[in-house]
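Peer 1: This is the structure I have questions about; it appears just below.
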Amino acid sequence: MARESALRFPGRKTVYGVGPDHPSVMLVGEAPGAKEVEEGRPFAGAAGKNLDEFLNATGLQRDELYISNVVKIRPCETGPTGRLRNRPPNREEITFFLPYLEKEILLLSPKLLVTLGNTPLQALSQPANTVGACHGQQLKSRLGLPLFSLYHPASIIYNRSLAPVYQADMEQLARFIHEM
Ligand code: URA
């Protein structure tokens, strides 16, 4: 993938998934940001800190989970001040990386996929699904595996009122994992 990604998105570092080779649970986010590119691992920045807090509060250990993203490069653009800023991944980036994510899932063969936000939810289930309607629920992914939908941990940074909702969804996820 590295070669194809470098040819299609020159100069953009690829951030691969991390975790055990045979995870029961695989978390899938949207795309890396600046901190993730710097450290070379998903969810290394502010969103990852939020994610860790909620995982810890529900007794789930990050190192038991495999964590990856739909898009493996940082989607960014130049802002008005001339600095690079994040933007949501576009259709071209999602379409390019989706076959690699599918291959990653098939190789890891987790028992459960957990999507963080709309981008992985829509890529791995139906494009019409939204996290607002599906959060805290178990669906079936296009690959046949069960899929549990969570809000993106960054959404709590922008909307603090989602914190109790996120906490309840995490507790539901922890119950679901313990019953697996
Ligand atoms: N947001 C994501 O979706 N993925 C990351 O790796 C970091 C932030």
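Identifiers in this document derive from the order of the structure tokens: chains are assigned A, B, ..., residues are numbered from 1 separately in each chain, and ligands are numbered from 1 in order of occurrence.
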Which of segment 60-117 of chain A end up as strand (DSSP E or B) when DSSP is run on this backbone - answer as a list in words?

Peer 2: Tyr66, Ile67, Ser68, Asn69, Cys76, Glu77, Thr78, Leu84, Arg85, Asn86, Leu112, Leu113, Val114, Thr115 and Leu116 of chain A

Peer 1: Using 9 Å as the limit and counting only C-alpha atoms and all ligand atoms, can you tabulate each residue of chain A that touches ligand 1, with its shortest atom-to-atom distance in Å and the two atoms involved, as JSON lines?

Peer 2:
```
{"residue": "A:Val15", "atom": "CA", "partner": "ligand 1", "partner_atom_place_in_ligand_line": "6 (O)", "distance": 8.0}
{"residue": "A:Gly17", "atom": "CA", "partner": "ligand 1", "partner_atom_place_in_ligand_line": "6 (O)", "distance": 8.7}
{"residue": "A:Val28", "atom": "CA", "partner": "ligand 1", "partner_atom_place_in_ligand_line": "3 (O)", "distance": 7.6}
{"residue": "A:Gly29", "atom": "CA", "partner": "ligand 1", "partner_atom_place_in_ligand_line": "3 (O)", "distance": 3.8}
{"residue": "A:Glu30", "atom": "CA", "partner": "ligand 1", "partner_atom_place_in_ligand_line": "3 (O)", "distance": 3.5}
{"residue": "A:Ala31", "atom": "CA", "partner": "ligand 1", "partner_atom_place_in_ligand_line": "4 (N)", "distance": 4.4}
{"residue": "A:Pro32", "atom": "CA", "partner": "ligand 1", "partner_atom_place_in_ligand_line": "6 (O)", "distance": 3.9}
{"residue": "A:Gly33", "atom": "CA", "partner": "ligand 1", "partner_atom_place_in_ligand_line": "7 (C)", "distance": 5.4}
{"residue": "A:Ala34", "atom": "CA", "partner": "ligand 1", "partner_atom_place_in_ligand_line": "7 (C)", "distance": 8.5}
{"residue": "A:Lys35", "atom": "CA", "partner": "ligand 1", "partner_atom_place_in_ligand_line": "7 (C)", "distance": 7.9}
{"residue": "A:Glu36", "atom": "CA", "partner": "ligand 1", "partner_atom_place_in_ligand_line": "6 (O)", "distance": 5.8}
{"residue": "A:Val37", "atom": "CA", "partner": "ligand 1", "partner_atom_place_in_ligand_line": "6 (O)", "distance": 8.6}
{"residue": "A:Arg41", "atom": "CA", "partner": "ligand 1", "partner_atom_place_in_ligand_line": "6 (O)", "distance": 6.9}
{"residue": "A:Pro42", "atom": "CA", "partner": "ligand 1", "partner_atom_place_in_ligand_line": "6 (O)", "distance": 3.4}
{"residue": "A:Phe43", "atom": "CA", "partner": "ligand 1", "partner_atom_place_in_ligand_line": "6 (O)", "distance": 3.8}
{"residue": "A:Ala44", "atom": "CA", "partner": "ligand 1", "partner_atom_place_in_ligand_line": "7 (C)", "distance": 6.6}
{"residue": "A:Gly45", "atom": "CA", "partner": "ligand 1", "partner_atom_place_in_ligand_line": "7 (C)", "distance": 6.5}
{"residue": "A:Ala46", "atom": "CA", "partner": "ligand 1", "partner_atom_place_in_ligand_line": "8 (C)", "distance": 7.7}
{"residue": "A:Ala47", "atom": "CA", "partner": "ligand 1", "partner_atom_place_in_ligand_line": "8 (C)", "distance": 5.5}
{"residue": "A:Gly48", "atom": "CA", "partner": "ligand 1", "partner_atom_place_in_ligand_line": "7 (C)", "distance": 6.4}
{"residue": "A:Ile67", "atom": "CA", "partner": "ligand 1", "partner_atom_place_in_ligand_line": "6 (O)", "distance": 8.2}
{"residue": "A:Ser68", "atom": "CA", "partner": "ligand 1", "partner_atom_place_in_ligand_line": "6 (O)", "distance": 6.9}
{"residue": "A:Asn69", "atom": "CA", "partner": "ligand 1", "partner_atom_place_in_ligand_line": "4 (N)", "distance": 5.7}
{"residue": "A:Val70", "atom": "CA", "partner": "ligand 1", "partner_atom_place_in_ligand_line": "3 (O)", "distance": 8.0}
{"residue": "A:Val71", "atom": "CA", "partner": "ligand 1", "partner_atom_place_in_ligand_line": "3 (O)", "distance": 8.5}
{"residue": "A:Lys72", "atom": "CA", "partner": "ligand 1", "partner_atom_place_in_ligand_line": "6 (O)", "distance": 8.5}
{"residue": "A:Arg74", "atom": "CA", "partner": "ligand 1", "partner_atom_place_in_ligand_line": "5 (C)", "distance": 8.9}
{"residue": "A:Leu116", "atom": "CA", "partner": "ligand 1", "partner_atom_place_in_ligand_line": "3 (O)", "distance": 7.0}
{"residue": "A:Gly117", "atom": "CA", "partner": "ligand 1", "partner_atom_place_in_ligand_line": "3 (O)", "distance": 7.7}
{"residue": "A:Thr119", "atom": "CA", "partner": "ligand 1", "partner_atom_place_in_ligand_line": "3 (O)", "distance": 8.5}
{"residue": "A:Pro120", "atom": "CA", "partner": "ligand 1", "partner_atom_place_in_ligand_line": "3 (O)", "distance": 8.7}
{"residue": "A:His152", "atom": "CA", "partner": "ligand 1", "partner_atom_place_in_ligand_line": "3 (O)", "distance": 7.0}
{"residue": "A:Pro153", "atom": "CA", "partner": "ligand 1", "partner_atom_place_in_ligand_line": "1 (N)", "distance": 7.7}
{"residue": "A:Ala154", "atom": "CA", "partner": "ligand 1", "partner_atom_place_in_ligand_line": "1 (N)", "distance": 7.0}
```

Peer 1: Env of segment 102-108 of chain A: 10 Å cut, atoms = only C-alpha atoms, seq-sep filter 3 positions within chain, self excluded. Answer as a PDB file with all heavy atoms, in the first residue's frame.

Peer 2:
```
ATOM      1  N   TYR A  16      -0.240   3.678   9.638  1.00  0.00           N
ATOM      2  CA  TYR A  16      -0.857   2.347   9.650  1.00  0.00           C
ATOM      3  C   TYR A  16      -1.578   2.080  10.966  1.00  0.00           C
ATOM      4  O   TYR A  16      -1.313   2.741  11.973  1.00  0.00           O
ATOM      5  CB  TYR A  16       0.218   1.275   9.444  1.00  0.00           C
ATOM      6  CG  TYR A  16       0.899   1.368   8.096  1.00  0.00           C
ATOM      7  CD1 TYR A  16       2.134   1.979   7.966  1.00  0.00           C
ATOM      8  CD2 TYR A  16       0.276   0.858   6.957  1.00  0.00           C
ATOM      9  CE1 TYR A  16       2.752   2.079   6.721  1.00  0.00           C
ATOM     10  CE2 TYR A  16       0.892   0.953   5.718  1.00  0.00           C
ATOM     11  CZ  TYR A  16       2.126   1.571   5.611  1.00  0.00           C
ATOM     12  OH  TYR A  16       2.726   1.672   4.392  1.00  0.00           O
ATOM     13  N   GLY A  17      -2.415   1.061  10.939  1.00  0.00           N
ATOM     14  CA  GLY A  17      -3.091   0.625  12.159  1.00  0.00           C
ATOM     15  C   GLY A  17      -2.093   0.014  13.130  1.00  0.00           C
ATOM     16  O   GLY A  17      -1.020  -0.440  12.724  1.00  0.00           O
ATOM     17  N   GLY A  19      -1.787  -2.565  16.877  1.00  0.00           N
ATOM     18  CA  GLY A  19      -2.484  -3.448  17.814  1.00  0.00           C
ATOM     19  C   GLY A  19      -2.046  -4.878  17.627  1.00  0.00           C
ATOM     20  O   GLY A  19      -1.167  -5.167  16.809  1.00  0.00           O
ATOM     21  N   PRO A  20      -2.660  -5.785  18.406  1.00  0.00           N
ATOM     22  CA  PRO A  20      -2.277  -7.199  18.309  1.00  0.00           C
ATOM     23  C   PRO A  20      -2.617  -7.797  16.943  1.00  0.00           C
ATOM     24  O   PRO A  20      -3.485  -7.275  16.233  1.00  0.00           O
ATOM     25  CB  PRO A  20      -3.103  -7.871  19.414  1.00  0.00           C
ATOM     26  CG  PRO A  20      -4.090  -6.883  19.881  1.00  0.00           C
ATOM     27  CD  PRO A  20      -3.711  -5.538  19.398  1.00  0.00           C
ATOM     28  N   ASP A  21      -1.943  -8.895  16.593  1.00  0.00           N
ATOM     29  CA  ASP A  21      -2.180  -9.539  15.283  1.00  0.00           C
ATOM     30  C   ASP A  21      -3.551 -10.212  15.213  1.00  0.00           C
ATOM     31  O   ASP A  21      -4.115 -10.358  14.144  1.00  0.00           O
ATOM     32  CB  ASP A  21      -1.113 -10.620  15.031  1.00  0.00           C
ATOM     33  CG  ASP A  21       0.240 -10.000  14.762  1.00  0.00           C
ATOM     34  OD1 ASP A  21       0.289  -8.784  14.527  1.00  0.00           O
ATOM     35  OD2 ASP A  21       1.247 -10.743  14.806  1.00  0.00           O
ATOM     36  N   HIS A  22      -4.045 -10.667  16.378  1.00  0.00           N
ATOM     37  CA  HIS A  22      -5.343 -11.366  16.375  1.00  0.00           C
ATOM     38  C   HIS A  22      -6.283 -10.725  17.387  1.00  0.00           C
ATOM     39  O   HIS A  22      -6.609 -11.319  18.411  1.00  0.00           O
ATOM     40  CB  HIS A  22      -5.138 -12.861  16.689  1.00  0.00           C
ATOM     41  CG  HIS A  22      -4.220 -13.517  15.710  1.00  0.00           C
ATOM     42  ND1 HIS A  22      -4.557 -13.726  14.397  1.00  0.00           N
ATOM     43  CD2 HIS A  22      -2.953 -13.968  15.857  1.00  0.00           C
ATOM     44  CE1 HIS A  22      -3.538 -14.286  13.769  1.00  0.00           C
ATOM     45  NE2 HIS A  22      -2.554 -14.435  14.618  1.00  0.00           N
ATOM     46  N   PRO A  23      -6.701  -9.488  17.103  1.00  0.00           N
ATOM     47  CA  PRO A  23      -7.537  -8.784  18.075  1.00  0.00           C
ATOM     48  C   PRO A  23      -8.978  -9.288  18.026  1.00  0.00           C
ATOM     49  O   PRO A  23      -9.461  -9.701  16.971  1.00  0.00           O
ATOM     50  CB  PRO A  23      -7.479  -7.337  17.583  1.00  0.00           C
ATOM     51  CG  PRO A  23      -7.334  -7.479  16.090  1.00  0.00           C
ATOM     52  CD  PRO A  23      -6.522  -8.714  15.866  1.00  0.00           C
ATOM     53  N   SER A  24      -9.665  -9.257  19.170  1.00  0.00           N
ATOM     54  CA  SER A  24     -11.100  -9.556  19.147  1.00  0.00           C
ATOM     55  C   SER A  24     -11.859  -8.355  18.601  1.00  0.00           C
ATOM     56  O   SER A  24     -12.893  -8.485  17.974  1.00  0.00           O
ATOM     57  CB  SER A  24     -11.642  -9.826  20.542  1.00  0.00           C
ATOM     58  OG  SER A  24     -10.912 -10.787  21.162  1.00  0.00           O
ATOM     59  N   VAL A  25     -11.317  -7.163  18.916  1.00  0.00           N
ATOM     60  CA  VAL A  25     -12.043  -5.940  18.577  1.00  0.00           C
ATOM     61  C   VAL A  25     -11.139  -5.007  17.776  1.00  0.00           C
ATOM     62  O   VAL A  25      -9.983  -4.789  18.142  1.00  0.00           O
ATOM     63  CB  VAL A  25     -12.508  -5.219  19.869  1.00  0.00           C
ATOM     64  CG1 VAL A  25     -13.295  -3.956  19.533  1.00  0.00           C
ATOM     65  CG2 VAL A  25     -13.349  -6.157  20.728  1.00  0.00           C
ATOM     66  N   MET A  26     -11.685  -4.466  16.707  1.00  0.00           N
ATOM     67  CA  MET A  26     -10.935  -3.506  15.886  1.00  0.00           C
ATOM     68  C   MET A  26     -11.691  -2.182  15.842  1.00  0.00           C
ATOM     69  O   MET A  26     -12.855  -2.147  15.453  1.00  0.00           O
ATOM     70  CB  MET A  26     -10.783  -4.064  14.465  1.00  0.00           C
ATOM     71  CG  MET A  26     -10.118  -3.099  13.503  1.00  0.00           C
ATOM     72  SD  MET A  26      -9.817  -3.941  11.925  1.00  0.00           S
ATOM     73  CE  MET A  26      -9.113  -2.613  10.965  1.00  0.00           C
ATOM     74  N   VAL A  28     -12.127   1.547  14.252  1.00  0.00           N
ATOM     75  CA  VAL A  28     -11.796   2.210  12.987  1.00  0.00           C
ATOM     76  C   VAL A  28     -12.214   3.679  13.054  1.00  0.00           C
ATOM     77  O   VAL A  28     -13.396   3.988  13.245  1.00  0.00           O
ATOM     78  CB  VAL A  28     -12.482   1.521  11.786  1.00  0.00           C
ATOM     79  CG1 VAL A  28     -12.009   2.145  10.480  1.00  0.00           C
ATOM     80  CG2 VAL A  28     -12.215   0.017  11.782  1.00  0.00           C
ATOM     81  N   TYR A  66      -7.173  -3.402  18.338  1.00  0.00           N
ATOM     82  CA  TYR A  66      -6.447  -2.947  17.146  1.00  0.00           C
ATOM     83  C   TYR A  66      -7.117  -1.636  16.723  1.00  0.00           C
ATOM     84  O   TYR A  66      -8.344  -1.550  16.676  1.00  0.00           O
ATOM     85  CB  TYR A  66      -6.559  -4.003  16.050  1.00  0.00           C
ATOM     86  CG  TYR A  66      -5.686  -3.704  14.856  1.00  0.00           C
ATOM     87  CD1 TYR A  66      -4.413  -4.258  14.746  1.00  0.00           C
ATOM     88  CD2 TYR A  66      -6.127  -2.862  13.842  1.00  0.00           C
ATOM     89  CE1 TYR A  66      -3.610  -3.981  13.659  1.00  0.00           C
ATOM     90  CE2 TYR A  66      -5.324  -2.574  12.747  1.00  0.00           C
ATOM     91  CZ  TYR A  66      -4.062  -3.143  12.670  1.00  0.00           C
ATOM     92  OH  TYR A  66      -3.264  -2.862  11.592  1.00  0.00           O
ATOM     93  N   SER A  68      -7.254   1.463  13.807  1.00  0.00           N
ATOM     94  CA  SER A  68      -6.839   1.915  12.484  1.00  0.00           C
ATOM     95  C   SER A  68      -7.773   3.040  12.016  1.00  0.00           C
ATOM     96  O   SER A  68      -8.626   3.502  12.766  1.00  0.00           O
ATOM     97  CB  SER A  68      -6.853   0.730  11.508  1.00  0.00           C
ATOM     98  OG  SER A  68      -6.100   1.023  10.369  1.00  0.00           O
ATOM     99  N   VAL A  70      -9.934   4.705   8.315  1.00  0.00           N
ATOM    100  CA  VAL A  70     -10.347   4.454   6.928  1.00  0.00           C
ATOM    101  C   VAL A  70      -9.255   4.995   5.998  1.00  0.00           C
ATOM    102  O   VAL A  70      -8.735   4.280   5.145  1.00  0.00           O
ATOM    103  CB  VAL A  70     -11.703   5.141   6.602  1.00  0.00           C
ATOM    104  CG1 VAL A  70     -12.065   4.932   5.134  1.00  0.00           C
ATOM    105  CG2 VAL A  70     -12.813   4.644   7.511  1.00  0.00           C
ATOM    106  N   PHE A  97      -8.505   4.350  -0.212  1.00  0.00           N
ATOM    107  CA  PHE A  97      -8.033   3.561   0.940  1.00  0.00           C
ATOM    108  C   PHE A  97      -8.980   2.446   1.378  1.00  0.00           C
ATOM    109  O   PHE A  97      -8.557   1.539   2.093  1.00  0.00           O
ATOM    110  CB  PHE A  97      -7.733   4.477   2.140  1.00  0.00           C
ATOM    111  CG  PHE A  97      -6.433   5.234   1.990  1.00  0.00           C
ATOM    112  CD1 PHE A  97      -6.420   6.572   1.658  1.00  0.00           C
ATOM    113  CD2 PHE A  97      -5.215   4.582   2.161  1.00  0.00           C
ATOM    114  CE1 PHE A  97      -5.224   7.265   1.503  1.00  0.00           C
ATOM    115  CE2 PHE A  97      -4.015   5.257   2.013  1.00  0.00           C
ATOM    116  CZ  PHE A  97      -4.020   6.599   1.672  1.00  0.00           C
ATOM    117  N   LEU A  98     -10.242   2.496   0.952  1.00  0.00           N
ATOM    118  CA  LEU A  98     -11.204   1.500   1.451  1.00  0.00           C
ATOM    119  C   LEU A  98     -10.797   0.051   1.150  1.00  0.00           C
ATOM    120  O   LEU A  98     -10.895  -0.807   2.040  1.00  0.00           O
ATOM    121  CB  LEU A  98     -12.613   1.822   0.924  1.00  0.00           C
ATOM    122  CG  LEU A  98     -13.756   1.036   1.543  1.00  0.00           C
ATOM    123  CD1 LEU A  98     -13.739   1.099   3.061  1.00  0.00           C
ATOM    124  CD2 LEU A  98     -15.103   1.527   1.007  1.00  0.00           C
ATOM    125  N   PRO A  99     -10.305  -0.273  -0.046  1.00  0.00           N
ATOM    126  CA  PRO A  99      -9.894  -1.668  -0.288  1.00  0.00           C
ATOM    127  C   PRO A  99      -8.781  -2.125   0.654  1.00  0.00           C
ATOM    128  O   PRO A  99      -8.730  -3.291   1.042  1.00  0.00           O
ATOM    129  CB  PRO A  99      -9.390  -1.664  -1.739  1.00  0.00           C
ATOM    130  CG  PRO A  99      -9.971  -0.443  -2.359  1.00  0.00           C
ATOM    131  CD  PRO A  99     -10.168   0.550  -1.252  1.00  0.00           C
ATOM    132  N   LYS A 111     -13.538 -10.138  15.901  1.00  0.00           N
ATOM    133  CA  LYS A 111     -14.914 -10.594  16.114  1.00  0.00           C
ATOM    134  C   LYS A 111     -15.882  -9.418  16.002  1.00  0.00           C
ATOM    135  O   LYS A 111     -17.065  -9.599  15.779  1.00  0.00           O
ATOM    136  CB  LYS A 111     -15.053 -11.196  17.521  1.00  0.00           C
ATOM    137  CG  LYS A 111     -14.328 -12.497  17.688  1.00  0.00           C
ATOM    138  CD  LYS A 111     -14.851 -13.179  18.962  1.00  0.00           C
ATOM    139  CE  LYS A 111     -13.970 -14.344  19.329  1.00  0.00           C
ATOM    140  NZ  LYS A 111     -13.337 -14.194  20.625  1.00  0.00           N
ATOM    141  N   LEU A 113     -16.203  -5.053  14.856  1.00  0.00           N
ATOM    142  CA  LEU A 113     -15.689  -3.774  14.365  1.00  0.00           C
ATOM    143  C   LEU A 113     -16.371  -2.667  15.154  1.00  0.00           C
ATOM    144  O   LEU A 113     -17.592  -2.718  15.361  1.00  0.00           O
ATOM    145  CB  LEU A 113     -16.036  -3.583  12.883  1.00  0.00           C
ATOM    146  CG  LEU A 113     -15.401  -4.552  11.902  1.00  0.00           C
ATOM    147  CD1 LEU A 113     -16.031  -4.396  10.515  1.00  0.00           C
ATOM    148  CD2 LEU A 113     -13.893  -4.305  11.832  1.00  0.00           C
ATOM    149  N   ALA A 123     -18.583   3.886   5.520  1.00  0.00           N
ATOM    150  CA  ALA A 123     -17.722   3.085   4.634  1.00  0.00           C
ATOM    151  C   ALA A 123     -17.912   1.589   4.878  1.00  0.00           C
ATOM    152  O   ALA A 123     -17.813   0.792   3.950  1.00  0.00           O
ATOM    153  CB  ALA A 123     -16.255   3.462   4.857  1.00  0.00           C
ATOM    154  N   LEU A 124     -18.198   1.210   6.142  1.00  0.00           N
ATOM    155  CA  LEU A 124     -18.243  -0.224   6.468  1.00  0.00           C
ATOM    156  C   LEU A 124     -19.656  -0.776   6.605  1.00  0.00           C
ATOM    157  O   LEU A 124     -19.842  -1.976   6.765  1.00  0.00           O
ATOM    158  CB  LEU A 124     -17.455  -0.497   7.762  1.00  0.00           C
ATOM    159  CG  LEU A 124     -15.944  -0.273   7.635  1.00  0.00           C
ATOM    160  CD1 LEU A 124     -15.251  -0.393   8.984  1.00  0.00           C
ATOM    161  CD2 LEU A 124     -15.330  -1.261   6.633  1.00  0.00           C
ATOM    162  N   ARG A 142     -20.732  -4.505   6.005  1.00  0.00           N
ATOM    163  CA  ARG A 142     -20.795  -5.048   4.636  1.00  0.00           C
ATOM    164  C   ARG A 142     -19.974  -6.328   4.512  1.00  0.00           C
ATOM    165  O   ARG A 142     -20.225  -7.150   3.651  1.00  0.00           O
ATOM    166  CB  ARG A 142     -20.271  -4.014   3.623  1.00  0.00           C
ATOM    167  CG  ARG A 142     -21.205  -2.865   3.351  1.00  0.00           C
ATOM    168  CD  ARG A 142     -20.756  -2.045   2.162  1.00  0.00           C
ATOM    169  NE  ARG A 142     -19.462  -1.419   2.362  1.00  0.00           N
ATOM    170  CZ  ARG A 142     -18.309  -1.884   1.897  1.00  0.00           C
ATOM    171  NH1 ARG A 142     -18.267  -2.975   1.163  1.00  0.00           N
ATOM    172  NH2 ARG A 142     -17.171  -1.255   2.127  1.00  0.00           N
ATOM    173  N   LEU A 143     -18.950  -6.473   5.394  1.00  0.00           N
ATOM    174  CA  LEU A 143     -18.104  -7.668   5.345  1.00  0.00           C
ATOM    175  C   LEU A 143     -18.699  -8.818   6.143  1.00  0.00           C
ATOM    176  O   LEU A 143     -18.086  -9.875   6.268  1.00  0.00           O
ATOM    177  CB  LEU A 143     -16.702  -7.335   5.888  1.00  0.00           C
ATOM    178  CG  LEU A 143     -15.960  -6.217   5.157  1.00  0.00           C
ATOM    179  CD1 LEU A 143     -14.679  -5.848   5.882  1.00  0.00           C
ATOM    180  CD2 LEU A 143     -15.646  -6.617   3.725  1.00  0.00           C
ATOM    181  N   LEU A 145     -19.264  -8.926   9.377  1.00  0.00           N
ATOM    182  CA  LEU A 145     -18.922  -8.893  10.812  1.00  0.00           C
ATOM    183  C   LEU A 145     -19.867  -7.963  11.560  1.00  0.00           C
ATOM    184  O   LEU A 145     -20.335  -6.973  10.989  1.00  0.00           O
ATOM    185  CB  LEU A 145     -17.506  -8.328  10.984  1.00  0.00           C
ATOM    186  CG  LEU A 145     -16.354  -9.186  10.530  1.00  0.00           C
ATOM    187  CD1 LEU A 145     -15.075  -8.347  10.493  1.00  0.00           C
ATOM    188  CD2 LEU A 145     -16.182 -10.343  11.493  1.00  0.00           C
TER     189      LEU A 145
END
```

Peer 1: For Gln172 of chain A, which residue among A:Thr14, A:Thr115, A:Ser141, A:Thr58 is the nearest when counting only C-alpha atoms?

Peer 2: A:Thr58

Peer 1: Pick the closest to Gln126 of chain A from A:Val114, A:Val18, A:Leu147, A:Met170: which is it, counting only C-alpha atoms?

Peer 2: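 Looking only at the distances to Gln126 of chain A, the closest residue turns out to be A:Leu147.
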
Peer 1: Could you find all residues in segment 62-150 of chain A that DSSP calls helix (DSSP H, G or I) from the backbone, and write them as a ChimeraX atom specification?

Peer 2: /A:62-64,91-108,118-124,131-134

Peer 1: Would you mind exporting the chosen residues as a PDB file, in the first residue's frame, restricted to C-alpha atoms?

Peer 2:
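Listed below is the output, out_16.pdb:
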```pdb
ATOM      1  CA  ARG A  62      -6.226   0.161  24.367  1.00  0.00           C
ATOM      2  CA  ASP A  63      -3.391  -2.337  23.879  1.00  0.00           C
ATOM      3  CA  GLU A  64      -5.900  -5.209  23.561  1.00  0.00           C
ATOM      4  CA  ARG A  91     -14.448  10.846  -1.698  1.00  0.00           C
ATOM      5  CA  GLU A  92     -11.198  10.258  -3.640  1.00  0.00           C
ATOM      6  CA  GLU A  93      -9.240   9.501  -0.447  1.00  0.00           C
ATOM      7  CA  ILE A  94     -11.944   7.242   1.004  1.00  0.00           C
ATOM      8  CA  THR A  95     -12.361   5.324  -2.271  1.00  0.00           C
ATOM      9  CA  PHE A  96      -8.585   4.905  -2.592  1.00  0.00           C
ATOM     10  CA  PHE A  97      -8.033   3.561   0.940  1.00  0.00           C
ATOM     11  CA  LEU A  98     -11.204   1.500   1.451  1.00  0.00           C
ATOM     12  CA  PRO A  99      -9.894  -1.668  -0.288  1.00  0.00           C
ATOM     13  CA  TYR A 100      -6.826  -1.555   1.996  1.00  0.00           C
ATOM     14  CA  LEU A 101      -9.016  -1.243   5.078  1.00  0.00           C
ATOM     15  CA  GLU A 102     -11.100  -4.190   3.891  1.00  0.00           C
ATOM     16  CA  LYS A 103      -7.939  -6.249   3.389  1.00  0.00           C
ATOM     17  CA  GLU A 104      -6.682  -5.205   6.850  1.00  0.00           C
ATOM     18  CA  ILE A 105      -9.997  -6.344   8.395  1.00  0.00           C
ATOM     19  CA  LEU A 106      -9.958  -9.680   6.553  1.00  0.00           C
ATOM     20  CA  LEU A 107      -6.349 -10.372   7.627  1.00  0.00           C
ATOM     21  CA  LEU A 108      -6.972  -9.474  11.280  1.00  0.00           C
ATOM     22  CA  ASN A 118     -19.657   8.766  10.319  1.00  0.00           C
ATOM     23  CA  THR A 119     -16.793   8.099   7.901  1.00  0.00           C
ATOM     24  CA  PRO A 120     -16.006   4.518   9.043  1.00  0.00           C
ATOM     25  CA  LEU A 121     -19.678   3.792   9.807  1.00  0.00           C
ATOM     26  CA  GLN A 122     -20.751   4.704   6.288  1.00  0.00           C
ATOM     27  CA  ALA A 123     -17.722   3.085   4.634  1.00  0.00           C
ATOM     28  CA  LEU A 124     -18.243  -0.224   6.468  1.00  0.00           C
ATOM     29  CA  VAL A 131     -23.831   8.077  13.801  1.00  0.00           C
ATOM     30  CA  GLY A 132     -26.587  10.299  15.239  1.00  0.00           C
ATOM     31  CA  ALA A 133     -29.109   7.549  14.465  1.00  0.00           C
ATOM     32  CA  CYS A 134     -26.870   4.477  14.956  1.00  0.00           C
TER      33      CYS A 134
END
```

Peer 1: Just the number, please: distance in Å from atom CA of Ser109 of chain A to atom CA of Leu7 of chain A, one decimal.

Peer 2: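 Separation between atom CA of Ser109 of chain A and atom CA of Leu7 of chain A: 28.5 Å.
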
Peer 1: Can you measure atom CA of Tyr166 of chain A to atom CA of Pro127 of chain A for me? One decimal in Å is fine.

Peer 2: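 Atom-to-atom, atom CA of Tyr166 of chain A to atom CA of Pro127 of chain A, that is 22.1 Å.
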
Peer 1: Go through A:Asp52, A:Pro146, A:Glu77, A:Gly40 and flag the residue nearest Pro110 of chain A, using only C-alpha atoms for the distances.

Peer 2: A:Pro146
